[in-house]
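Next comes protein-v1.txt, a file with compact mmCIF, C-alpha atoms.
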```
# COMPACT_ATOMS: atom_id res chain seq x y z
CA MET A 1 10.93 17.74 -19.14
CA GLY A 2 9.20 14.85 -17.43
CA VAL A 3 11.35 15.31 -14.35
CA ILE A 4 10.52 19.03 -14.16
CA GLY A 5 6.83 18.25 -14.54
CA TYR A 6 7.01 15.67 -11.81
CA GLY A 7 8.80 18.15 -9.54
CA LEU A 8 6.04 20.70 -10.10
CA GLY A 9 3.36 18.14 -9.45
CA VAL A 10 4.91 16.87 -6.26
CA ILE A 11 4.75 20.37 -4.71
CA GLY A 12 1.02 19.84 -4.25
CA ALA A 13 1.39 16.47 -2.59
CA GLY A 14 4.16 17.78 -0.36
CA LEU A 15 2.00 20.71 0.74
CA ALA A 16 -0.93 18.37 1.36
CA ILE A 17 1.01 15.99 3.58
CA GLY A 18 2.59 18.95 5.39
CA LEU A 19 -0.83 20.43 6.06
CA ALA A 20 -2.12 17.08 7.30
CA ALA A 21 0.82 16.73 9.69
CA PHE A 22 0.26 20.32 10.87
CA GLY A 23 -3.37 19.60 11.65
CA VAL A 24 -2.58 16.35 13.41
CA ALA A 25 0.13 17.94 15.55
CA ASN A 26 -2.31 20.70 16.53
CA ALA A 27 -5.12 18.29 17.33
CA MET A 28 -2.87 16.02 19.39
CA ALA A 29 -1.45 18.94 21.35
CA ARG A 30 -4.94 20.21 22.16
CA GLN A 31 -6.47 16.85 22.96
CA PRO A 32 -3.94 14.05 23.57
CA GLU A 33 -6.65 11.46 24.30
CA VAL A 34 -7.88 11.32 20.65
CA GLN A 35 -4.39 10.36 19.41
CA ASP A 36 -5.42 6.95 18.00
CA ARG A 37 -8.30 8.20 15.92
CA VAL A 38 -6.48 11.29 14.70
CA PHE A 39 -3.56 9.10 13.64
CA THR A 40 -5.84 6.90 11.52
CA VAL A 41 -7.27 9.95 9.78
CA PHE A 42 -3.79 11.35 9.24
CA ILE A 43 -2.51 8.14 7.64
CA MET A 44 -5.55 8.01 5.38
CA GLY A 45 -5.22 11.65 4.34
CA SER A 46 -1.52 11.25 3.66
CA ALA A 47 -2.21 8.12 1.63
CA PHE A 48 -4.66 10.01 -0.56
CA ALA A 49 -2.21 12.86 -1.13
CA GLU A 50 0.74 10.54 -1.59
CA ALA A 51 -1.07 8.44 -4.18
CA LEU A 52 -1.20 11.49 -6.48
CA ALA A 53 2.56 12.00 -6.22
CA LEU A 54 3.14 8.31 -6.89
CA ILE A 55 0.90 8.33 -9.94
CA GLY A 56 2.98 11.26 -11.18
CA PHE A 57 6.16 9.28 -10.55
CA VAL A 58 4.97 6.31 -12.54
CA VAL A 59 3.62 8.48 -15.37
CA ALA A 60 6.94 10.35 -15.55
CA LEU A 61 8.76 7.03 -15.83
CA VAL A 62 6.43 5.40 -18.32
CA VAL A 63 5.68 8.35 -20.64
CA LYS A 64 8.88 9.53 -22.23
CA MET B 1 31.70 11.84 -13.71
CA GLU B 2 31.19 8.97 -16.13
CA ALA B 3 29.09 7.22 -13.48
CA PHE B 4 26.27 9.70 -14.06
CA ASP B 5 26.49 9.28 -17.83
CA LYS B 6 25.74 5.56 -17.54
CA LEU B 7 22.82 6.10 -15.18
CA PRO B 8 19.92 6.74 -17.65
CA SER B 9 20.48 3.54 -19.63
CA GLU B 10 20.90 1.54 -16.43
CA ILE B 11 17.64 2.97 -15.05
CA ASN B 12 15.84 2.05 -18.27
CA HIS B 13 17.17 -1.46 -17.84
CA LEU B 14 15.97 -1.44 -14.20
CA VAL B 15 12.46 -0.34 -15.17
CA SER B 16 12.28 -3.01 -17.86
CA GLU B 17 12.94 -5.64 -15.20
CA PHE B 18 9.64 -4.77 -13.50
CA VAL B 19 7.58 -5.93 -16.49
CA SER B 20 5.81 -9.24 -15.86
CA ILE B 21 7.86 -12.06 -17.40
CA PRO B 22 6.50 -15.61 -17.35
CA VAL B 23 8.76 -18.11 -15.62
CA ILE B 24 6.51 -21.09 -16.49
CA GLY B 25 4.29 -21.20 -19.59
CA ASN B 26 3.36 -17.99 -21.40
CA LEU B 27 1.84 -14.70 -20.33
CA MET B 28 -1.76 -15.88 -20.82
CA SER B 29 -1.66 -19.19 -18.94
CA GLY B 30 1.54 -19.33 -16.99
CA ILE B 31 3.23 -18.10 -13.86
CA THR B 32 4.99 -14.73 -13.96
CA GLN B 33 7.68 -13.84 -11.45
CA TYR B 34 5.10 -11.82 -9.47
CA THR B 35 2.68 -14.73 -9.28
CA PHE B 36 5.53 -16.99 -8.22
CA TRP B 37 6.44 -14.75 -5.28
CA MET B 38 2.75 -14.32 -4.46
CA ILE B 39 2.43 -18.10 -4.13
CA ILE B 40 5.54 -18.17 -1.94
CA SER B 41 4.17 -15.44 0.35
CA SER B 42 0.78 -17.17 0.50
CA ILE B 43 2.54 -20.33 1.70
CA VAL B 44 4.45 -18.28 4.29
CA LEU B 45 1.17 -16.74 5.46
CA LEU B 46 -0.56 -20.13 5.70
CA VAL B 47 2.31 -21.61 7.70
CA LEU B 48 2.29 -18.62 10.08
CA VAL B 49 -1.48 -18.74 10.57
CA PHE B 50 -1.64 -22.50 11.13
CA ALA B 51 1.28 -22.36 13.58
CA TYR B 52 -0.63 -19.60 15.35
CA VAL B 53 -3.97 -21.43 15.45
CA ARG B 54 -2.41 -24.68 16.66
CA ARG B 55 -0.82 -23.03 19.69
CA LEU B 56 -3.78 -20.78 20.47
CA SER B 57 -4.34 -20.41 24.21
CA LEU B 58 -6.00 -18.00 26.60
CA VAL B 59 -2.67 -16.58 27.74
CA PRO B 60 -0.19 -16.22 24.85
CA HIS B 61 3.37 -17.41 25.56
CA GLY B 62 6.53 -16.55 23.67
CA ILE B 63 7.49 -13.88 21.17
CA PHE B 64 5.75 -15.45 18.17
CA MET B 65 2.37 -15.91 19.85
CA ASN B 66 2.43 -12.43 21.36
CA ALA B 67 3.40 -10.85 18.05
CA MET B 68 0.60 -12.59 16.17
CA GLU B 69 -1.87 -11.79 18.93
CA TRP B 70 -0.87 -8.13 18.70
CA CYS B 71 -1.32 -8.11 14.91
CA VAL B 72 -4.78 -9.69 15.09
CA GLN B 73 -5.79 -7.29 17.83
CA PHE B 74 -4.50 -4.39 15.75
CA VAL B 75 -6.84 -5.37 12.92
CA SER B 76 -9.83 -6.02 15.15
CA LYS B 77 -9.44 -2.90 17.27
CA ASP B 78 -8.13 -0.23 14.90
CA MET B 79 -9.98 -1.31 11.78
CA GLY B 80 -12.87 -3.30 13.18
CA LYS B 81 -14.31 -1.72 16.29
CA GLN B 82 -13.19 1.84 15.67
CA ILE B 83 -14.49 2.20 12.10
CA LEU B 84 -17.21 -0.42 11.65
CA GLY B 85 -18.76 -0.24 15.11
CA PRO B 86 -20.99 -3.04 16.45
CA THR B 87 -21.08 -5.14 13.25
CA TRP B 88 -17.29 -5.47 13.06
CA LYS B 89 -17.28 -9.20 13.81
CA LYS B 90 -19.11 -10.00 10.57
CA HIS B 91 -16.49 -8.28 8.42
CA PHE B 92 -13.41 -9.15 10.46
CA PRO B 93 -12.44 -12.29 8.44
CA PHE B 94 -12.47 -10.33 5.19
CA LEU B 95 -10.48 -7.41 6.58
CA ALA B 96 -7.94 -9.65 8.31
CA THR B 97 -7.42 -11.67 5.12
CA LEU B 98 -6.84 -8.49 3.12
CA PHE B 99 -4.46 -7.03 5.71
CA PHE B 100 -2.30 -10.10 6.23
CA PHE B 101 -2.19 -11.02 2.53
CA ILE B 102 -1.01 -7.56 1.51
CA LEU B 103 1.36 -7.26 4.47
CA VAL B 104 3.12 -10.57 3.82
CA ASN B 105 3.30 -9.84 0.09
CA ASN B 106 4.84 -6.42 0.67
CA VAL B 107 7.32 -7.64 3.27
CA VAL B 108 8.43 -10.58 1.12
CA GLY B 109 8.94 -8.16 -1.77
CA ILE B 110 11.25 -5.97 0.36
CA ILE B 111 13.79 -8.79 0.78
CA PRO B 112 16.51 -8.30 -1.87
CA GLY B 113 16.18 -10.66 -4.83
CA MET B 114 12.48 -11.21 -4.28
CA LYS B 115 9.54 -9.48 -5.91
CA PRO B 116 6.39 -8.29 -4.13
CA GLY B 117 3.24 -10.10 -5.23
CA SER B 118 1.53 -6.72 -4.96
CA GLY B 119 4.09 -5.09 -7.28
CA THR B 120 1.99 -5.64 -10.38
CA ILE B 121 -1.25 -3.86 -11.23
CA SER B 122 -3.03 -7.17 -11.92
CA THR B 123 -2.79 -8.38 -8.32
CA THR B 124 -3.79 -5.08 -6.78
CA ALA B 125 -6.64 -4.70 -9.27
CA ALA B 126 -7.91 -8.13 -8.27
CA LEU B 127 -7.76 -7.20 -4.58
CA ALA B 128 -9.51 -3.89 -5.23
CA LEU B 129 -12.21 -5.59 -7.29
CA VAL B 130 -12.88 -8.11 -4.52
CA THR B 131 -13.20 -5.22 -2.06
CA PHE B 132 -15.52 -3.36 -4.43
CA ILE B 133 -17.82 -6.37 -4.90
CA TYR B 134 -17.77 -7.01 -1.15
CA PHE B 135 -18.89 -3.56 -0.07
CA ILE B 136 -21.46 -3.27 -2.86
CA GLY B 137 -22.77 -6.66 -1.74
CA VAL B 138 -22.95 -5.51 1.89
CA GLY B 139 -24.83 -2.38 0.81
CA MET B 140 -27.32 -4.35 -1.27
CA LYS B 141 -27.87 -6.85 1.54
CA ASN B 142 -28.56 -4.08 4.04
CA HIS B 143 -30.70 -1.75 1.91
CA GLY B 144 -31.75 -3.82 -1.10
CA ALA B 145 -30.45 -3.08 -4.59
CA VAL B 146 -32.69 -0.04 -5.17
CA GLY B 147 -32.35 1.14 -1.59
CA TYR B 148 -28.56 1.05 -1.78
CA ALA B 149 -28.56 2.96 -5.06
CA LYS B 150 -30.82 5.55 -3.45
CA SER B 151 -28.80 5.76 -0.22
CA LEU B 152 -25.75 7.00 -2.14
CA ALA B 153 -27.32 10.47 -2.28
CA PRO B 154 -27.53 12.31 1.06
CA LYS B 155 -30.97 12.89 2.52
CA GLY B 156 -32.45 16.33 3.04
CA VAL B 157 -31.20 17.94 -0.17
CA ALA B 158 -33.65 19.75 -2.45
CA PHE B 159 -34.76 17.99 -5.65
CA PRO B 160 -32.55 19.18 -8.54
CA LEU B 161 -29.35 19.20 -6.49
CA ASN B 162 -30.18 15.76 -5.19
CA VAL B 163 -29.78 14.18 -8.63
CA LEU B 164 -26.52 16.00 -9.28
CA ILE B 165 -25.01 14.84 -5.99
CA TRP B 166 -26.20 11.30 -6.68
CA VAL B 167 -24.38 11.27 -10.02
CA ILE B 168 -21.20 12.56 -8.38
CA GLU B 169 -21.45 9.95 -5.63
CA VAL B 170 -21.92 7.14 -8.16
CA ILE B 171 -18.85 8.28 -10.07
CA SER B 172 -16.77 8.46 -6.89
CA THR B 173 -17.96 4.99 -5.88
CA LEU B 174 -16.97 3.58 -9.26
CA LEU B 175 -13.55 5.25 -8.95
CA ARG B 176 -12.85 3.60 -5.58
CA PRO B 177 -11.50 0.27 -6.90
CA ILE B 178 -9.26 2.11 -9.37
CA THR B 179 -7.72 4.33 -6.71
CA LEU B 180 -7.28 1.38 -4.35
CA ALA B 181 -5.47 -0.65 -6.99
CA VAL B 182 -3.31 2.19 -8.29
CA ARG B 183 -2.30 3.35 -4.79
CA LEU B 184 -0.92 0.00 -3.69
CA PHE B 185 0.71 -0.75 -7.03
CA CYS B 186 2.34 2.68 -7.33
CA ASN B 187 3.69 2.57 -3.79
CA MET B 188 5.34 -0.80 -4.33
CA PHE B 189 6.56 0.03 -7.84
CA ALA B 190 7.90 3.49 -7.00
CA GLY B 191 9.54 2.28 -3.79
CA HIS B 192 11.38 -0.50 -5.57
CA ILE B 193 12.45 1.80 -8.40
CA VAL B 194 13.89 4.29 -5.90
CA MET B 195 15.74 1.56 -3.99
CA GLY B 196 17.00 0.12 -7.28
CA SER B 197 18.29 3.49 -8.51
CA PHE B 198 20.29 4.07 -5.34
CA ALA B 199 21.71 0.53 -5.51
CA LEU B 200 22.69 1.32 -9.12
CA MET B 201 24.45 4.52 -8.00
CA VAL B 202 26.44 2.52 -5.44
CA THR B 203 27.57 -0.04 -8.01
CA LEU B 204 28.36 2.58 -10.67
CA PHE B 205 30.58 4.58 -8.31
CA ALA B 206 32.25 1.54 -6.76
CA GLU B 207 32.93 -0.16 -10.10
CA PRO B 208 36.31 1.53 -10.91
CA LEU B 209 37.65 0.65 -7.46
CA LEU B 210 36.79 -3.02 -7.89
CA GLN B 211 38.56 -3.20 -11.26
CA HIS B 212 41.91 -1.77 -10.13
CA VAL B 213 42.72 -0.24 -6.78
CA THR B 214 44.46 3.12 -7.04
CA ALA B 215 44.32 6.32 -5.01
CA SER B 216 42.15 8.12 -7.59
CA SER B 217 39.68 5.26 -7.95
CA ALA B 218 39.38 5.03 -4.16
CA LEU B 219 38.61 8.77 -4.05
CA GLY B 220 36.06 8.34 -6.85
CA ALA B 221 34.33 5.58 -4.90
CA LEU B 222 33.68 7.82 -1.88
CA PRO B 223 30.18 8.88 -3.09
CA ALA B 224 29.28 5.18 -3.15
CA VAL B 225 29.49 5.17 0.66
CA ALA B 226 27.06 8.10 0.89
CA PHE B 227 24.69 6.42 -1.58
CA ALA B 228 24.84 3.18 0.39
CA ALA B 229 23.88 5.12 3.54
CA ILE B 230 20.92 6.71 1.72
CA LEU B 231 19.97 3.26 0.39
CA LEU B 232 19.81 1.90 3.93
CA VAL B 233 17.58 4.79 5.04
CA ILE B 234 15.27 4.27 2.05
CA TYR B 235 15.19 0.55 2.80
CA ALA B 236 13.98 1.31 6.33
CA ILE B 237 11.33 3.70 4.95
CA GLU B 238 10.20 1.04 2.49
CA MET B 239 9.72 -1.43 5.34
CA PHE B 240 7.53 1.17 7.03
CA VAL B 241 5.65 1.83 3.79
CA ALA B 242 5.01 -1.91 3.31
CA CYS B 243 3.15 -1.99 6.65
CA ILE B 244 1.44 1.38 6.13
CA GLN B 245 0.10 0.42 2.71
CA ALA B 246 -1.42 -2.80 4.03
CA TYR B 247 -2.97 -0.71 6.80
CA VAL B 248 -4.27 1.96 4.41
CA PHE B 249 -5.81 -0.58 2.04
CA THR B 250 -7.61 -2.32 4.88
CA VAL B 251 -8.74 0.88 6.57
CA LEU B 252 -10.17 2.17 3.30
CA ALA B 253 -11.96 -1.13 2.74
CA ALA B 254 -13.40 -0.83 6.26
CA VAL B 255 -14.49 2.76 5.62
CA TYR B 256 -16.21 1.76 2.37
CA ILE B 257 -18.00 -1.14 4.09
CA GLN B 258 -19.09 1.19 6.87
CA GLY B 259 -20.40 3.64 4.30
CA ALA B 260 -22.39 0.87 2.61
CA GLU B 261 -23.83 -0.25 5.94
CA ALA B 262 -24.77 3.17 7.28
CA GLU B 263 -28.30 4.53 6.95
CA GLY B 264 -27.66 7.17 4.28
CA HIS B 265 -25.22 9.97 4.88
```

Whole structure, structure tokens version:
Amino acid sequence: MGVIGYGLGVIGAGLAIGLAAFGVANAMARQPEVQDRVFTVFIMGSAFAEALALIGFVVALVVK
Amino acid sequence: MEAFDKLPSEINHLVSEFVSIPVIGNLMSGITQYTFWMIISSIVLLVLVFAYVRRLSLVPHGIFMNAMEWCVQFVSKDMGKQILGPTWKKHFPFLATLFFFILVNNVVGIIPGMKPGSGTISTTAALALVTFIYFIGVGMKNHGAVGYAKSLAPKGVAFPLNVLIWVIEVISTLLRPITLAVRLFCNMFAGHIVMGSFALMVTLFAEPLLQHVTASSALGALPAVAFAAILLVIYAIEMFVACIQAYVFTVLAAVYIQGAEAEGH
């Protein structure tokens, strides 16, 4: 059950990181000179989204 | 597939190995395996930094000097000037200490047989708490205690909403150290669990072949090759994650400091 729950939860994080990458690719294609700053924002956004998935991972492992 | 039947118990055993176990003394006043590797990585960091400072020159020579110069410039440019603006020089020592400490800890933990100092919630919580106190201190120094508390709420919002937003901002500020600590810890913990599970798969599938070599056991060991390939890929990703997490932690610390310094938002 825990594994199924984790799979469901990770959909959100996957979508979030996908959306972030989509936005970054768009922004970089439109304005290549802001690459550095956009990259920083992308890494931060992905870290926020990824943290949720990781918390789910640890909870799924710890709570049986 | 008896290899898969053994997997759950082996994974439980793997997870139990990540619990802090004292190597010297007891859990209250001793050194756990995480603290031990943290001390080792601190020594590595000190040696690197002193070797760097001793050979400091206007024009860097050699691979080592250029690499260190690039790292320091990365912190000062990407995290300092870009996020903090003109006051970056004041906060650079703190940010650089955070970045290099976490980076060396993570990278030492990636080496097989070693543990990351940042792989336990206690270390990351300590780092997050230091960051929290630092940016609160910066805010109080810049605005005064009452002024900083007031500056959490954005200006130009009508009266009743103002209070509500202030409460939300205070809660989000108090949550910052928790998210910082949990993010770094979970990344290290989860990454090592994933690497460990794939290493377990390799050993479980290769075990029959090592005991007695026959045609059927050789065929059964074929998935081990695929799992070893996946393990290598995950190892590479983990190396990337070790650097990215040090970067994320430091960037977030810089953003929080900038928020404390700014004139209301």

Using only C-alpha atoms: which of B:Gly62, B:Gly191, B:Gly156, B:Gly117 has the shortest distance to chain A
B:Gly191

At a cut-off of 9 Å, which residues of chain A touch chain B? Count all atoms listed in the file and give the answer as an mmCIF file with C-alpha atoms, keeping the file's coordinate frame.
```cif
data_model
loop_
_atom_site.group_PDB
_atom_site.id
_atom_site.type_symbol
_atom_site.label_atom_id
_atom_site.label_comp_id
_atom_site.auth_asym_id
_atom_site.auth_seq_id
_atom_site.Cartn_x
_atom_site.Cartn_y
_atom_site.Cartn_z
ATOM 1 C CA ASP A 36 -5.420 6.950 18.000
ATOM 2 C CA ARG A 37 -8.300 8.200 15.920
ATOM 3 C CA THR A 40 -5.840 6.900 11.520
ATOM 4 C CA ILE A 43 -2.510 8.140 7.640
ATOM 5 C CA MET A 44 -5.550 8.010 5.380
ATOM 6 C CA ALA A 47 -2.210 8.120 1.630
ATOM 7 C CA PHE A 48 -4.660 10.010 -0.560
ATOM 8 C CA GLU A 50 0.740 10.540 -1.590
ATOM 9 C CA ALA A 51 -1.070 8.440 -4.180
ATOM 10 C CA LEU A 52 -1.200 11.490 -6.480
ATOM 11 C CA LEU A 54 3.140 8.310 -6.890
ATOM 12 C CA ILE A 55 0.900 8.330 -9.940
ATOM 13 C CA PHE A 57 6.160 9.280 -10.550
ATOM 14 C CA VAL A 58 4.970 6.310 -12.540
ATOM 15 C CA LEU A 61 8.760 7.030 -15.830
ATOM 16 C CA VAL A 62 6.430 5.400 -18.320
#
```

Work out where the centre of an axis-aligned box around every listed atom of region 6-24 of chain A lies and how long its edges are once 8 Å is added on each side; give both in Å to one decimal as lines of an AutoDock Vina configuration file.
```
center_x = 2.7
center_y = 18.2
center_z = 0.8
size_x = 28.2
size_y = 21.0
size_z = 41.2
```

Contacts of Met239 (chain B) at 10 Å or less, counting only C-alpha atoms, minus same-chain residues fewer than 3 places along, as a ChimeraX atom specification?
/B:106-107,109-111,191,234-236,242-244

Which of A:Val3, A:Ala60, A:Ala25, A:Ile17 sits closest to Gly45 (chain A) [using all atoms listed in the file]:
A:Ile17

Would you mind telling me which residue in B:His91, B:Lys115, B:Arg55, B:Lys155 lies nearest to Val138 (chain B) when using only C-alpha atoms?
B:His91

Would you mind completing region 12-30 of chain A to N, CA and C atoms and writing the output as a JSON list (two decimals), keeping the file's coordinate frame?
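To be explicit, this is the file written out as rebuild_6.json:
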```json
[["chain", "number", "residue", "atom", "x", "y", "z"],
["A", 12, "GLY", "N", 2.37, 19.94, -4.81],
["A", 12, "GLY", "CA", 1.02, 19.84, -4.25],
["A", 12, "GLY", "C", 0.92, 18.76, -3.21],
["A", 13, "ALA", "N", 1.47, 17.58, -3.54],
["A", 13, "ALA", "CA", 1.39, 16.47, -2.59],
["A", 13, "ALA", "C", 2.19, 16.79, -1.33],
["A", 14, "GLY", "N", 3.34, 17.42, -1.52],
["A", 14, "GLY", "CA", 4.16, 17.78, -0.36],
["A", 14, "GLY", "C", 3.41, 18.73, 0.56],
["A", 15, "LEU", "N", 2.78, 19.76, -0.04],
["A", 15, "LEU", "CA", 2.00, 20.71, 0.74],
["A", 15, "LEU", "C", 0.87, 20.00, 1.47],
["A", 16, "ALA", "N", 0.22, 19.06, 0.77],
["A", 16, "ALA", "CA", -0.93, 18.37, 1.36],
["A", 16, "ALA", "C", -0.52, 17.56, 2.57],
["A", 17, "ILE", "N", 0.58, 16.82, 2.46],
["A", 17, "ILE", "CA", 1.01, 15.99, 3.58],
["A", 17, "ILE", "C", 1.49, 16.88, 4.73],
["A", 18, "GLY", "N", 2.16, 18.01, 4.36],
["A", 18, "GLY", "CA", 2.59, 18.95, 5.39],
["A", 18, "GLY", "C", 1.41, 19.51, 6.16],
["A", 19, "LEU", "N", 0.37, 19.89, 5.42],
["A", 19, "LEU", "CA", -0.83, 20.43, 6.06],
["A", 19, "LEU", "C", -1.48, 19.40, 6.97],
["A", 20, "ALA", "N", -1.52, 18.14, 6.49],
["A", 20, "ALA", "CA", -2.12, 17.08, 7.30],
["A", 20, "ALA", "C", -1.34, 16.90, 8.59],
["A", 21, "ALA", "N", 0.00, 16.90, 8.49],
["A", 21, "ALA", "CA", 0.82, 16.73, 9.69],
["A", 21, "ALA", "C", 0.63, 17.90, 10.64],
["A", 22, "PHE", "N", 0.49, 19.11, 10.06],
["A", 22, "PHE", "CA", 0.26, 20.32, 10.87],
["A", 22, "PHE", "C", -1.04, 20.17, 11.67],
["A", 23, "GLY", "N", -2.09, 19.75, 10.97],
["A", 23, "GLY", "CA", -3.37, 19.60, 11.65],
["A", 23, "GLY", "C", -3.33, 18.54, 12.73],
["A", 24, "VAL", "N", -2.65, 17.44, 12.44],
["A", 24, "VAL", "CA", -2.58, 16.35, 13.41],
["A", 24, "VAL", "C", -1.80, 16.78, 14.64],
["A", 25, "ALA", "N", -0.68, 17.48, 14.42],
["A", 25, "ALA", "CA", 0.13, 17.94, 15.55],
["A", 25, "ALA", "C", -0.70, 18.87, 16.43],
["A", 26, "ASN", "N", -1.45, 19.77, 15.79],
["A", 26, "ASN", "CA", -2.31, 20.70, 16.53],
["A", 26, "ASN", "C", -3.36, 19.95, 17.34],
["A", 27, "ALA", "N", -4.03, 19.02, 16.67],
["A", 27, "ALA", "CA", -5.12, 18.29, 17.33],
["A", 27, "ALA", "C", -4.59, 17.48, 18.50],
["A", 28, "MET", "N", -3.43, 16.85, 18.33],
["A", 28, "MET", "CA", -2.87, 16.02, 19.39],
["A", 28, "MET", "C", -2.42, 16.87, 20.56],
["A", 29, "ALA", "N", -1.90, 18.06, 20.26],
["A", 29, "ALA", "CA", -1.45, 18.94, 21.35],
["A", 29, "ALA", "C", -2.65, 19.43, 22.16],
["A", 30, "ARG", "N", -3.76, 19.70, 21.47],
["A", 30, "ARG", "CA", -4.94, 20.21, 22.16],
["A", 30, "ARG", "C", -5.65, 19.12, 22.94]]
```
